[in-house]
Amino acid sequence: MFEGLLALFRNPGGYETELPEADARHAMGALLVRAAKVDNEYQVAEIQRIDKVLARQHGLDPVEAAKMRAACEKLEREIPNTVEIAAILNNAVSMEKKEATLRALWSVAYADGIMHKEEDRLLHQIEAALDIPDDRAKAIQAEAEAAQ
């Protein structure tokens, strides 16, 4: 009986949710979440930016985008290696979509108005994992910074 009560407090809804599919769409979202969380401050401005990016990239309404972000947050927690997440994208999308993802990542990093060194380091790691040439990556970062 005591174990039953403890189980209720650990999982009050009594349900488990499945891990979302590790496809390119969710991998991109997981990278966006990771970029927002890397400085240990997951702020509302960053969450809103992620939702806007997901809505725009995937043709979702605001509720669907928020649900997708929640699934991506779960995937981000379950796959600790950033390079593994980026590899899902690298193997599945065109260079144009990789560059769009990098542009979105920089926009999330700049969303709170402060560029933290952890964000900068992570995004450069992702650039390399996505095989985006350095000159192109620098241009994308400059574009994102200017748009802020």
# chains A, B, ... in the order shown; residues from 1 in each chain; ligands from 1

call {"tool": "residues_around", "arguments": {"residues": "Lys52 (chain A)", "least_positions_apart": "3", "cutoff": "8 Å", "atoms": "only C-alpha atoms", "output": "PDB file with C-alpha atoms, in the first residue's frame"}}
result
ATOM      1  CA  GLN A  48       8.604  32.078 -27.699  1.00  0.00           C
ATOM      2  CA  ARG A  49      11.298  32.232 -30.384  1.00  0.00           C
ATOM      3  CA  ALA A  55       5.518  27.126 -36.425  1.00  0.00           C
ATOM      4  CA  ARG A  56       7.170  28.784 -39.424  1.00  0.00           C
ATOM      5  CA  PRO A  62       0.775  28.230 -31.998  1.00  0.00           C
ATOM      6  CA  ALA A  65       4.183  24.500 -32.119  1.00  0.00           C
TER       7      ALA A  65
END

call {"tool": "residues_around", "arguments": {"residues": "Asp131 (chain A)", "least_positions_apart": "3", "cutoff": "12 Å", "atoms": "only C-alpha atoms", "output": "PDB file with C-alpha atoms, in the first residue's frame"}}
result
ATOM      1  CA  VAL A  83      26.676  15.831 -32.023  1.00  0.00           C
ATOM      2  CA  ALA A  86      22.998  17.149 -35.100  1.00  0.00           C
ATOM      3  CA  ALA A  87      23.900  13.930 -36.939  1.00  0.00           C
ATOM      4  CA  LEU A  89      19.798  16.427 -39.189  1.00  0.00           C
ATOM      5  CA  ASN A  90      23.072  16.161 -41.059  1.00  0.00           C
ATOM      6  CA  ASN A  91      22.059  12.841 -42.585  1.00  0.00           C
ATOM      7  CA  VAL A  93      18.333  17.369 -44.780  1.00  0.00           C
ATOM      8  CA  SER A  94      19.838  19.524 -47.516  1.00  0.00           C
ATOM      9  CA  MET A  95      22.518  22.148 -46.930  1.00  0.00           C
ATOM     10  CA  GLU A  96      19.819  24.795 -47.367  1.00  0.00           C
ATOM     11  CA  LYS A  98      21.009  22.966 -42.344  1.00  0.00           C
ATOM     12  CA  GLU A  99      21.699  26.650 -42.908  1.00  0.00           C
ATOM     13  CA  LEU A 102      21.723  27.352 -37.979  1.00  0.00           C
ATOM     14  CA  HIS A 124      29.999  26.503 -33.349  1.00  0.00           C
ATOM     15  CA  GLN A 125      29.993  22.825 -32.344  1.00  0.00           C
ATOM     16  CA  ILE A 126      26.681  22.362 -34.160  1.00  0.00           C
ATOM     17  CA  GLU A 127      27.996  24.207 -37.240  1.00  0.00           C
ATOM     18  CA  ALA A 128      30.845  21.704 -37.459  1.00  0.00           C
ATOM     19  CA  ASP A 134      33.203  28.313 -41.698  1.00  0.00           C
ATOM     20  CA  ASP A 135      32.741  31.273 -44.038  1.00  0.00           C
ATOM     21  CA  ARG A 136      29.072  30.449 -44.541  1.00  0.00           C
ATOM     22  CA  ALA A 137      28.541  29.874 -40.804  1.00  0.00           C
TER      23      ALA A 137
END

call {"tool": "select_by_dssp", "arguments": {"residues": "chain A", "states": "helix (DSSP H, G or I)", "output": "MDAnalysis selection string"}}
result
chainID A and resid 2:10 24:37 44:58 62:78 82:90 95:110 117:129 134:146

call {"tool": "residues_around", "arguments": {"residues": "Leu122 (chain A)", "least_positions_apart": "2", "cutoff": "12 Å", "atoms": "only C-alpha atoms", "output": "PyMOL selection string"}}
result
chain A and resi 31-39+81-83+86+102+105-106+109+115-120+124-129

call {"tool": "atom_distance", "arguments": {"atom1": "CA of Lys74 (chain A)", "atom2": "CA of Gln141 (chain A)"}}
result
26.9 Å

call {"tool": "atom_distance", "arguments": {"atom1": "CA of Arg103 (chain A)", "atom2": "CA of Cys72 (chain A)"}}
result
18.1 Å

call {"tool": "closest_residue", "arguments": {"among": "A:Ile88, A:Ala30, A:Ala45, A:Val108", "to": "Arg69 (chain A)", "atoms": "only C-alpha atoms"}}
result
A:Ala30

call {"tool": "closest_residue", "arguments": {"among": "A:Ala92, A:Ala71, A:Ala111, A:Ile140", "to": "Glu41 (chain A)", "atoms": "only C-alpha atoms"}}
result
A:Ala111

call {"tool": "atom_distance", "arguments": {"atom1": "CA of Pro133 (chain A)", "atom2": "CA of Arg77 (chain A)"}}
result
28.2 Å

call {"tool": "closest_residue", "arguments": {"among": "A:Asp112, A:Ile85, A:Lys97, A:Ser107", "to": "Val44 (chain A)", "atoms": "only C-alpha atoms"}}
result
A:Asp112

call {"tool": "closest_residue", "arguments": {"among": "A:Ala24, A:Val53, A:Ala104, A:Leu60", "to": "Leu75 (chain A)", "atoms": "only C-alpha atoms"}}
result
A:Ala24
